[in-house]
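upload.cif (mmCIF, C-alpha atoms and all ligand atoms) appears below.
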data_run
loop_
_atom_site.label_atom_id
_atom_site.label_comp_id
_atom_site.auth_asym_id
_atom_site.auth_seq_id
_atom_site.Cartn_x
_atom_site.Cartn_y
_atom_site.Cartn_z
CA MET X 1 -2.27 -11.80 29.52
CA LYS X 2 -4.97 -9.25 30.41
CA PRO X 3 -8.41 -10.58 31.38
CA ARG X 4 -10.98 -10.21 28.62
CA VAL X 5 -13.98 -7.88 28.44
CA PHE X 6 -16.89 -8.34 26.05
CA SER X 7 -19.96 -6.17 25.49
CA GLY X 8 -22.26 -5.11 22.66
CA VAL X 9 -24.96 -2.73 21.46
CA GLN X 10 -27.75 -3.58 19.02
CA PRO X 11 -27.84 -1.45 15.86
CA SER X 12 -31.62 -1.25 16.31
CA GLY X 13 -32.18 2.50 16.33
CA ASN X 14 -30.60 5.71 17.56
CA LEU X 15 -28.09 5.22 20.35
CA HIS X 16 -29.02 7.34 23.35
CA ILE X 17 -27.50 8.69 26.55
CA GLY X 18 -28.65 5.55 28.42
CA ASN X 19 -26.48 3.41 26.12
CA TYR X 20 -23.61 5.83 26.67
CA LEU X 21 -23.86 6.06 30.46
CA GLY X 22 -24.81 2.41 31.00
CA ALA X 23 -22.31 0.85 28.61
CA LEU X 24 -20.01 2.91 26.35
CA LYS X 25 -18.61 5.18 29.07
CA ASN X 26 -17.51 2.14 31.09
CA TRP X 27 -16.08 0.50 27.98
CA VAL X 28 -13.76 3.43 27.40
CA ARG X 29 -12.61 3.32 31.00
CA LEU X 30 -11.81 -0.40 30.88
CA GLN X 31 -10.08 -0.54 27.53
CA HIS X 32 -6.47 -0.14 28.59
CA ASP X 33 -6.55 -2.52 31.56
CA TYR X 34 -8.34 -5.36 29.76
CA ASP X 35 -8.34 -7.11 26.41
CA CYS X 36 -11.63 -5.68 25.12
CA ILE X 37 -13.99 -6.81 22.38
CA TYR X 38 -16.83 -4.40 21.62
CA CYS X 39 -19.46 -5.69 19.29
CA ILE X 40 -22.25 -4.34 17.11
CA VAL X 41 -24.73 -7.13 17.72
CA ASP X 42 -26.71 -7.17 14.48
CA LEU X 43 -27.94 -10.74 14.99
CA HIS X 44 -29.65 -9.52 18.16
CA ALA X 45 -31.22 -6.59 16.34
CA ILE X 46 -33.05 -8.89 13.90
CA THR X 47 -34.95 -10.57 16.76
CA VAL X 48 -37.50 -7.88 15.89
CA TYR X 49 -38.04 -6.80 12.26
CA GLN X 50 -35.49 -4.31 10.92
CA GLN X 51 -35.78 -2.62 7.56
CA PRO X 52 -32.69 -4.10 5.74
CA GLN X 53 -31.20 -0.90 4.32
CA GLU X 54 -31.74 0.94 7.56
CA LEU X 55 -30.11 -1.88 9.53
CA LEU X 56 -27.01 -1.79 7.37
CA ALA X 57 -26.72 1.98 7.85
CA LYS X 58 -27.23 1.61 11.61
CA ILE X 59 -24.45 -1.00 11.86
CA ARG X 60 -21.95 1.47 10.46
CA GLU X 61 -23.38 4.35 12.49
CA THR X 62 -23.11 2.31 15.70
CA ALA X 63 -19.49 1.41 14.95
CA ALA X 64 -18.67 5.09 14.36
CA LEU X 65 -20.38 6.01 17.64
CA PHE X 66 -18.22 3.50 19.54
CA LEU X 67 -15.13 5.23 18.16
CA ALA X 68 -16.55 8.71 18.78
CA ALA X 69 -17.17 7.71 22.42
CA GLY X 70 -13.44 7.12 22.76
CA ILE X 71 -12.92 3.44 22.01
CA ASP X 72 -9.41 3.10 20.62
CA PRO X 73 -9.52 0.59 17.75
CA GLN X 74 -5.78 0.00 18.12
CA SER X 75 -6.28 -1.58 21.52
CA SER X 76 -9.92 -2.77 21.47
CA ALA X 77 -11.56 -4.90 18.80
CA VAL X 78 -14.61 -3.10 17.34
CA MET X 79 -16.43 -5.79 15.39
CA VAL X 80 -19.76 -6.78 13.85
CA GLN X 81 -21.31 -9.93 15.32
CA SER X 82 -22.51 -11.46 12.03
CA SER X 83 -19.04 -11.20 10.51
CA VAL X 84 -17.86 -13.93 12.90
CA PRO X 85 -20.08 -16.99 12.18
CA ALA X 86 -18.94 -18.72 15.41
CA HIS X 87 -21.48 -16.59 17.36
CA ALA X 88 -24.41 -18.35 15.70
CA GLU X 89 -22.65 -21.72 15.84
CA LEU X 90 -21.98 -21.62 19.57
CA ALA X 91 -25.48 -20.25 20.20
CA TRP X 92 -26.94 -23.50 18.82
CA MET X 93 -24.75 -25.65 21.04
CA LEU X 94 -25.73 -23.61 24.09
CA THR X 95 -29.41 -23.68 23.10
CA CYS X 96 -29.22 -27.44 23.55
CA VAL X 97 -28.10 -27.13 27.18
CA THR X 98 -30.47 -24.28 28.17
CA PRO X 99 -33.77 -25.26 29.80
CA MET X 100 -36.77 -23.39 28.33
CA GLY X 101 -37.89 -22.57 31.87
CA TRP X 102 -34.79 -20.38 32.35
CA LEU X 103 -35.63 -18.40 29.22
CA SER X 104 -39.29 -17.92 30.08
CA ARG X 105 -38.26 -16.06 33.25
CA MET X 106 -36.48 -13.31 31.30
CA THR X 107 -38.21 -9.98 31.88
CA GLN X 108 -36.92 -8.46 28.61
CA PHE X 109 -38.64 -11.23 26.64
CA LYS X 110 -41.90 -10.51 28.42
CA ALA X 111 -41.64 -6.75 27.78
CA LYS X 112 -40.52 -6.99 24.14
CA SER X 113 -42.87 -9.81 23.09
CA GLU X 114 -45.89 -7.82 24.32
CA LYS X 115 -45.13 -5.18 21.70
CA GLN X 116 -44.98 -7.66 18.75
CA GLU X 117 -47.88 -8.94 16.70
CA THR X 118 -46.04 -12.20 16.04
CA VAL X 119 -43.16 -13.16 18.29
CA GLY X 120 -40.20 -14.75 16.47
CA ASP X 121 -38.46 -17.62 18.22
CA GLY X 122 -35.29 -15.52 18.03
CA LEU X 123 -36.69 -13.13 20.63
CA PHE X 124 -37.08 -16.05 23.03
CA GLN X 125 -33.59 -17.38 22.21
CA TYR X 126 -31.96 -13.93 22.43
CA PRO X 127 -30.31 -14.53 25.84
CA VAL X 128 -28.67 -17.75 24.60
CA LEU X 129 -27.11 -15.86 21.69
CA MET X 130 -25.91 -13.29 24.20
CA ALA X 131 -24.41 -16.07 26.32
CA ALA X 132 -22.64 -17.35 23.20
CA ASP X 133 -21.27 -13.84 22.46
CA ILE X 134 -19.72 -13.64 25.91
CA LEU X 135 -18.57 -17.24 26.39
CA LEU X 136 -17.07 -17.44 22.90
CA TYR X 137 -14.35 -15.02 24.01
CA GLN X 138 -13.96 -16.45 27.53
CA ALA X 139 -14.79 -12.95 28.83
CA ALA X 140 -14.23 -12.37 32.54
CA ILE X 141 -16.10 -9.07 32.69
CA VAL X 142 -19.24 -7.81 30.93
CA PRO X 143 -19.85 -4.06 31.31
CA VAL X 144 -23.58 -3.44 30.70
CA GLY X 145 -26.50 -1.39 31.97
CA ASP X 146 -28.72 -2.67 34.75
CA ASP X 147 -31.37 -4.01 32.33
CA GLN X 148 -28.89 -6.61 31.05
CA SER X 149 -27.88 -7.99 34.49
CA GLN X 150 -30.47 -10.75 34.26
CA HIS X 151 -29.04 -11.91 30.93
CA VAL X 152 -25.49 -11.97 32.28
CA GLU X 153 -26.75 -13.99 35.26
CA LEU X 154 -28.28 -16.44 32.79
CA THR X 155 -24.97 -16.57 30.92
CA ARG X 156 -23.28 -17.59 34.16
CA ASP X 157 -25.89 -20.31 34.71
CA ILE X 158 -25.43 -21.63 31.17
CA ALA X 159 -21.63 -21.63 31.52
CA GLN X 160 -21.83 -23.49 34.83
CA ARG X 161 -24.29 -26.02 33.46
CA PHE X 162 -22.11 -26.66 30.42
CA ASN X 163 -18.99 -26.98 32.58
CA ALA X 164 -20.78 -29.45 34.87
CA LEU X 165 -22.06 -31.56 31.95
CA TYR X 166 -18.99 -31.56 29.72
CA GLY X 167 -16.05 -30.54 31.91
CA GLU X 168 -14.41 -27.17 32.57
CA THR X 169 -14.76 -25.20 29.31
CA PHE X 170 -15.98 -21.66 29.90
CA VAL X 171 -14.87 -18.77 32.07
CA VAL X 172 -17.87 -17.73 34.22
CA PRO X 173 -18.21 -13.96 33.62
CA GLU X 174 -18.96 -11.14 36.07
CA THR X 175 -21.33 -8.22 35.41
CA LYS X 176 -19.92 -4.70 35.70
CA LEU X 177 -22.44 -1.90 36.21
CA PRO X 178 -21.59 1.82 36.38
CA LEU X 179 -22.06 3.43 39.82
CA VAL X 180 -24.26 6.20 38.37
CA GLY X 181 -26.27 5.90 35.14
CA ALA X 182 -26.84 2.12 35.19
CA ARG X 183 -30.51 2.67 34.45
CA VAL X 184 -31.45 5.90 32.69
CA MET X 185 -35.21 6.31 32.47
CA GLY X 186 -37.34 7.68 29.62
CA LEU X 187 -37.83 11.46 29.74
CA ASP X 188 -41.48 11.11 28.75
CA ASP X 189 -42.18 8.28 31.21
CA PRO X 190 -39.66 7.91 34.04
CA LEU X 191 -41.10 4.52 34.98
CA LYS X 192 -39.77 2.99 31.74
CA LYS X 193 -36.09 2.56 30.94
CA MET X 194 -34.82 4.71 28.07
CA SER X 195 -34.72 2.45 24.98
CA LYS X 196 -33.79 2.76 21.32
CA SER X 197 -36.91 0.91 20.31
CA GLU X 198 -39.40 3.17 22.17
CA PRO X 199 -41.23 5.34 19.66
CA GLY X 200 -42.05 8.63 21.52
CA SER X 201 -40.18 11.69 20.18
CA GLY X 202 -39.59 13.01 23.72
CA HIS X 203 -38.50 9.63 25.12
CA ALA X 204 -34.73 9.52 24.59
CA ILE X 205 -31.82 11.89 24.03
CA ALA X 206 -29.99 10.47 21.02
CA LEU X 207 -26.21 10.81 20.96
CA LEU X 208 -26.50 12.60 17.61
CA ASP X 209 -29.32 14.98 18.61
CA PRO X 210 -28.46 18.63 17.89
CA PRO X 211 -28.32 20.99 20.93
CA GLY X 212 -31.68 22.63 20.14
CA VAL X 213 -33.45 19.27 20.14
CA ILE X 214 -31.74 18.24 23.38
CA ARG X 215 -32.90 21.44 25.11
CA LYS X 216 -36.49 20.95 23.92
CA LYS X 217 -36.61 17.32 25.04
CA PHE X 218 -35.31 18.15 28.52
CA MET X 219 -37.71 21.07 28.93
CA ARG X 220 -40.62 18.74 28.15
CA ALA X 221 -39.38 15.96 30.51
CA THR X 222 -41.99 14.57 32.90
CA THR X 223 -41.40 15.59 36.54
CA ASP X 224 -44.07 15.79 39.27
CA SER X 225 -46.39 18.32 40.89
CA ASN X 226 -43.78 19.76 43.28
CA PRO X 227 -42.15 23.05 42.23
CA ALA X 228 -38.55 22.42 43.26
CA VAL X 229 -35.97 19.75 44.12
CA ASP X 230 -36.50 18.19 47.55
CA PHE X 231 -33.98 15.41 48.26
CA SER X 232 -36.19 13.96 51.00
CA ALA X 233 -39.01 13.31 48.51
CA LEU X 234 -37.59 12.85 45.01
CA GLY X 235 -40.05 11.87 42.29
CA THR X 236 -38.75 9.39 39.70
CA GLY X 237 -38.63 11.98 36.90
CA VAL X 238 -36.58 14.45 38.95
CA GLU X 239 -34.31 11.69 40.25
CA ASN X 240 -33.68 10.65 36.64
CA LEU X 241 -32.64 14.20 35.64
CA LEU X 242 -30.31 14.41 38.66
CA ASN X 243 -28.81 11.03 37.78
CA ILE X 244 -28.18 12.09 34.20
CA PHE X 245 -26.53 15.30 35.38
CA GLN X 246 -24.38 13.43 37.92
CA ALA X 247 -23.34 10.69 35.49
CA PHE X 248 -22.09 13.26 32.95
CA SER X 249 -20.56 15.72 35.42
CA GLU X 250 -19.15 13.09 37.81
CA TRP X 251 -19.96 15.42 40.71
CA PRO X 252 -19.91 13.74 44.14
CA GLY X 253 -23.25 13.29 45.96
CA GLU X 254 -22.69 16.19 48.43
CA ARG X 255 -22.01 18.67 45.66
CA MET X 256 -25.17 17.49 43.86
CA ARG X 257 -27.21 18.03 47.03
CA SER X 258 -25.90 21.46 47.88
CA HIS X 259 -26.17 22.68 44.28
CA PHE X 260 -29.64 21.34 43.46
CA SER X 261 -31.52 21.47 46.82
CA GLY X 262 -34.51 23.78 46.40
CA MET X 263 -33.79 24.44 42.71
CA ARG X 264 -36.89 24.97 40.56
CA TYR X 265 -37.52 22.18 38.05
CA GLY X 266 -37.20 24.55 35.10
CA ASP X 267 -33.63 25.43 36.14
CA LEU X 268 -32.75 21.79 36.84
CA LYS X 269 -33.88 20.91 33.31
CA LYS X 270 -31.87 23.77 31.76
CA GLN X 271 -28.70 22.87 33.64
CA THR X 272 -29.04 19.17 32.84
CA ALA X 273 -29.51 19.97 29.15
CA GLU X 274 -26.40 22.18 29.11
CA MET X 275 -24.31 19.55 30.95
CA VAL X 276 -25.33 16.88 28.39
CA ILE X 277 -24.73 19.21 25.42
CA SER X 278 -21.25 20.11 26.68
CA HIS X 279 -20.33 16.41 26.50
CA LEU X 280 -22.15 15.54 23.29
CA GLU X 281 -20.86 18.43 21.17
CA PRO X 282 -17.21 17.23 21.05
CA PHE X 283 -18.50 13.68 20.69
CA GLN X 284 -20.54 14.66 17.62
CA GLU X 285 -17.55 16.47 16.15
CA ARG X 286 -15.48 13.25 16.42
CA TYR X 287 -18.35 11.30 14.86
CA ARG X 288 -18.34 13.64 11.84
CA GLN X 289 -14.57 13.23 11.42
CA ILE X 290 -14.75 9.43 11.63
CA THR X 291 -17.56 9.15 9.10
CA SER X 292 -15.97 11.60 6.67
CA GLU X 293 -12.98 9.31 6.02
CA PRO X 294 -14.00 6.80 3.35
CA GLY X 295 -12.89 3.24 4.06
CA TYR X 296 -11.60 3.99 7.57
CA LEU X 297 -14.45 2.30 9.41
CA ASP X 298 -14.61 -0.76 7.17
CA GLY X 299 -10.88 -1.30 7.61
CA ILE X 300 -11.29 -1.32 11.39
CA LEU X 301 -14.27 -3.69 11.28
CA ALA X 302 -12.49 -6.12 8.96
CA ALA X 303 -9.32 -6.23 11.06
CA ALA X 304 -11.30 -6.72 14.28
CA ALA X 305 -13.37 -9.54 12.77
CA GLY X 306 -10.15 -11.32 11.81
CA ARG X 307 -8.72 -10.90 15.29
CA ALA X 308 -11.96 -12.01 16.99
CA SER X 309 -12.38 -15.03 14.69
CA LEU X 310 -9.11 -16.55 15.90
CA ILE X 311 -10.33 -16.58 19.51
CA ALA X 312 -13.90 -17.56 18.61
CA ASN X 313 -12.93 -20.48 16.38
CA GLU X 314 -10.66 -21.85 19.05
CA THR X 315 -13.56 -21.88 21.54
CA VAL X 316 -15.93 -23.51 19.07
CA GLU X 317 -13.39 -26.25 18.41
CA LEU X 318 -12.95 -26.84 22.14
CA VAL X 319 -16.74 -27.01 22.61
CA LYS X 320 -17.02 -29.50 19.74
CA ARG X 321 -14.40 -31.73 21.33
CA ARG X 322 -16.08 -31.49 24.73
CA MET X 323 -19.49 -32.40 23.29
CA GLY X 324 -18.17 -35.22 21.12
CA LEU X 325 -18.95 -33.49 17.83
CA TYR X 326 -16.78 -34.30 14.84
CA VAL X 327 -13.59 -32.26 14.50
CA ARG X 328 -11.24 -32.87 11.59
CA TYR X 329 -7.84 -33.93 12.82
P1 LIG B 401 -33.46 -1.80 22.37
O1 LIG B 401 -34.68 -1.03 22.74
O2 LIG B 401 -33.30 -2.03 20.91
O3 LIG B 401 -33.29 -3.06 23.20
P2 LIG B 401 -31.59 -0.48 24.13
O4 LIG B 401 -31.64 0.99 24.28
O5 LIG B 401 -32.14 -1.32 25.23
O6 LIG B 401 -32.26 -0.83 22.73
P3 LIG B 401 -29.35 -2.30 23.76
O7 LIG B 401 -28.63 -2.36 22.46
O8 LIG B 401 -30.35 -3.37 24.07
O9 LIG B 401 -30.06 -0.86 23.86
O10 LIG B 401 -28.32 -2.23 24.95
C1 LIG B 401 -26.98 -1.77 24.77
C2 LIG B 401 -26.34 -1.46 26.10
O11 LIG B 401 -26.92 -0.27 26.67
C3 LIG B 401 -26.54 -2.55 27.16
O12 LIG B 401 -25.36 -2.66 27.92
C4 LIG B 401 -27.66 -2.03 28.01
O13 LIG B 401 -27.65 -2.54 29.33
C5 LIG B 401 -27.37 -0.53 27.98
N1 LIG B 401 -28.60 0.24 28.20
C6 LIG B 401 -29.70 0.21 27.41
N2 LIG B 401 -30.62 1.05 27.88
C7 LIG B 401 -30.09 1.64 29.00
C8 LIG B 401 -30.56 2.61 29.93
N3 LIG B 401 -31.76 3.13 29.79
N4 LIG B 401 -29.76 2.97 30.94
C9 LIG B 401 -28.52 2.43 31.08
N5 LIG B 401 -28.02 1.51 30.24
C10 LIG B 401 -28.79 1.11 29.20
MG MG B 402 -32.19 -3.44 25.01
#
In structure tokens, write the structure found in this file.
Ligand code: ATP
Ligand code: MG
Amino acid sequence: MKPRVFSGVQPSGNLHIGNYLGALKNWVRLQHDYDCIYCIVDLHAITVYQQPQELLAKIRETAALFLAAGIDPQSSAVMVQSSVPAHAELAWMLTCVTPMGWLSRMTQFKAKSEKQETVGDGLFQYPVLMAADILLYQAAIVPVGDDQSQHVELTRDIAQRFNALYGETFVVPETKLPLVGARVMGLDDPLKKMSKSEPGSGHAIALLDPPGVIRKKFMRATTDSNPAVDFSALGTGVENLLNIFQAFSEWPGERMRSHFSGMRYGDLKKQTAEMVISHLEPFQERYRQITSEPGYLDGILAAAAGRASLIANETVELVKRRMGLYVRY
């Protein structure tokens, strides 16, 4: 049996090149060597308010983007989190073994709660639900971007604590980060990670942005007061553009250096935009094909939910037995 991989994306806005380079690109690479479950984590998205009709549309859009990125639904399960109730069920059981102190150290909670007028308890509990997502499938590997490493670490801690309290139950998962593109920064502010939920129109390159919009956003990207690329003194904005270029092109470091040393920022921006467009154009074409077939997507999501439920329910039953909860014999 192949070891299992689990990862997810929230349907909380427009997926961007950070989501692609940090997560999706690695997912595609892993899918034939592992038993992969890729999830649209809608229960995570509602930790901050989502307009209901928009959320529903984004769930389907996100699923189509997974497929457009190259996830093969014949070999990987592409599923929606809320269609497998065991996610929420296991989350409660894990909530009961997670100290609040562990959760209050999470940097994402601090950053996201600052932006909310009222902070729902779900935002605080978010990492426990994420632990449940991963542990439910006994995943060995979790391919995510750098911003999620802290949550996977917490998942490991929760798994180990549960195993120590109730006996060996969960596989303790490993994080898998991409070598380049693990943390793509905002184009408007290279000190902030690129995020779906950031409002600025020049902040992120969405996977479905048309070429003209992509060019404009790159040309407006924040750099620094130097005129040209100097590898001995790279500003964060310029470093981010170089990283984006390298992650898409897969050029080795030496080629990057010899090609971009001394290049004026305007040219760096143009070349980065064209490199990104050359990858996103075929991607967008596949997206249009996938969404033009009525029923295709829903069929995939339903089959994957059925397949995932079998594994998930087995884990929940094991956890119930371990904890002494009632299981019908
Ligand atoms: P939100 O603002 O709603 O949290 P997000 O852009 O952070 O959206 P998520 O759905 O939280 O996206 O994360 C999905 C995956 O994309 C995760 O694996 C995460 O680590 C990765 N990811 C998110 N942002 C980046 C980024 N800027 N660079 C690299 N990977 C990223
Ligand atoms: Mg996020």
Using all atoms listed in the file, which residues of chain X come within 7 Å of ligand LIG 401 (chain B), and what is the closest atom pair for each, with the distance in Å to one decimal? Give it as a tab-separated table, sorted by chain and residue number.
residue	atom	partner	partner_atom	distance
X:Ser7	CA	B:LIG401	O12	6.9
X:Gly8	CA	B:LIG401	C1	6.2
X:Val9	CA	B:LIG401	O7	3.8
X:Gln10	CA	B:LIG401	O7	3.8
X:Pro11	CA	B:LIG401	O7	6.7
X:Ser12	CA	B:LIG401	O2	5.0
X:Gly13	CA	B:LIG401	O2	6.5
X:Leu15	CA	B:LIG401	O4	6.8
X:His16	CA	B:LIG401	O4	6.9
X:Gly18	CA	B:LIG401	N4	3.8
X:Asn19	CA	B:LIG401	O11	3.7
X:Tyr20	CA	B:LIG401	O11	6.9
X:Leu21	CA	B:LIG401	C9	5.9
X:Gly22	CA	B:LIG401	N5	3.4
X:Ala23	CA	B:LIG401	O12	4.7
X:Ala45	CA	B:LIG401	O2	6.8
X:Pro143	CA	B:LIG401	O12	6.6
X:Val144	CA	B:LIG401	O12	3.4
X:Gly145	CA	B:LIG401	O13	3.1
X:Asp146	CA	B:LIG401	O13	5.5
X:Asp147	CA	B:LIG401	O13	5.0
X:Gln148	CA	B:LIG401	O13	4.6
X:Gly181	CA	B:LIG401	C9	5.8
X:Ala182	CA	B:LIG401	C9	4.5
X:Arg183	CA	B:LIG401	N4	3.6
X:Val184	CA	B:LIG401	N4	3.8
X:Met185	CA	B:LIG401	N3	5.4
X:Lys193	CA	B:LIG401	N3	4.5
X:Met194	CA	B:LIG401	N3	3.8
X:Ser195	CA	B:LIG401	O4	3.5
X:Lys196	CA	B:LIG401	O4	4.1
X:Ser197	CA	B:LIG401	O1	3.8
X:Glu198	CA	B:LIG401	O1	6.3
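The residue that comes closest to ligand MG 402 (chain B), out of X:Met100, X:Leu241, X:Leu234, X:Val48 and on the basis of all atoms listed in the file, is X:Val48.
Atom pair atom CA of Ala91 of chain X / atom CA of Ser104 of chain X: separated by 17.1 Å.
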- Out of X:Ala69, X:Ala111, X:Val327, X:Leu55, which residue has the shortest atom-to-atom distance to ligand MG 402 (chain B) when counting only C-alpha atoms and all ligand atoms?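 The answer is X:Ala111, which sits nearest to ligand MG 402 (chain B).
Considering the residues X:Ala164, X:Leu123, X:Met79, X:Leu318 and counting only C-alpha atoms and all ligand atoms, ligand MG 402 (chain B) has its shortest atom-to-atom contact with X:Leu123.
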- Task: Pick out the closest residue to ligand MG 402 (chain B) from this set: X:His151, X:Arg4, X:Phe66, X:Met93. Count all atoms listed in the file.
- Result: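 When distances to ligand MG 402 (chain B) are compared using all atoms listed in the file, the smallest one comes from X:His151.
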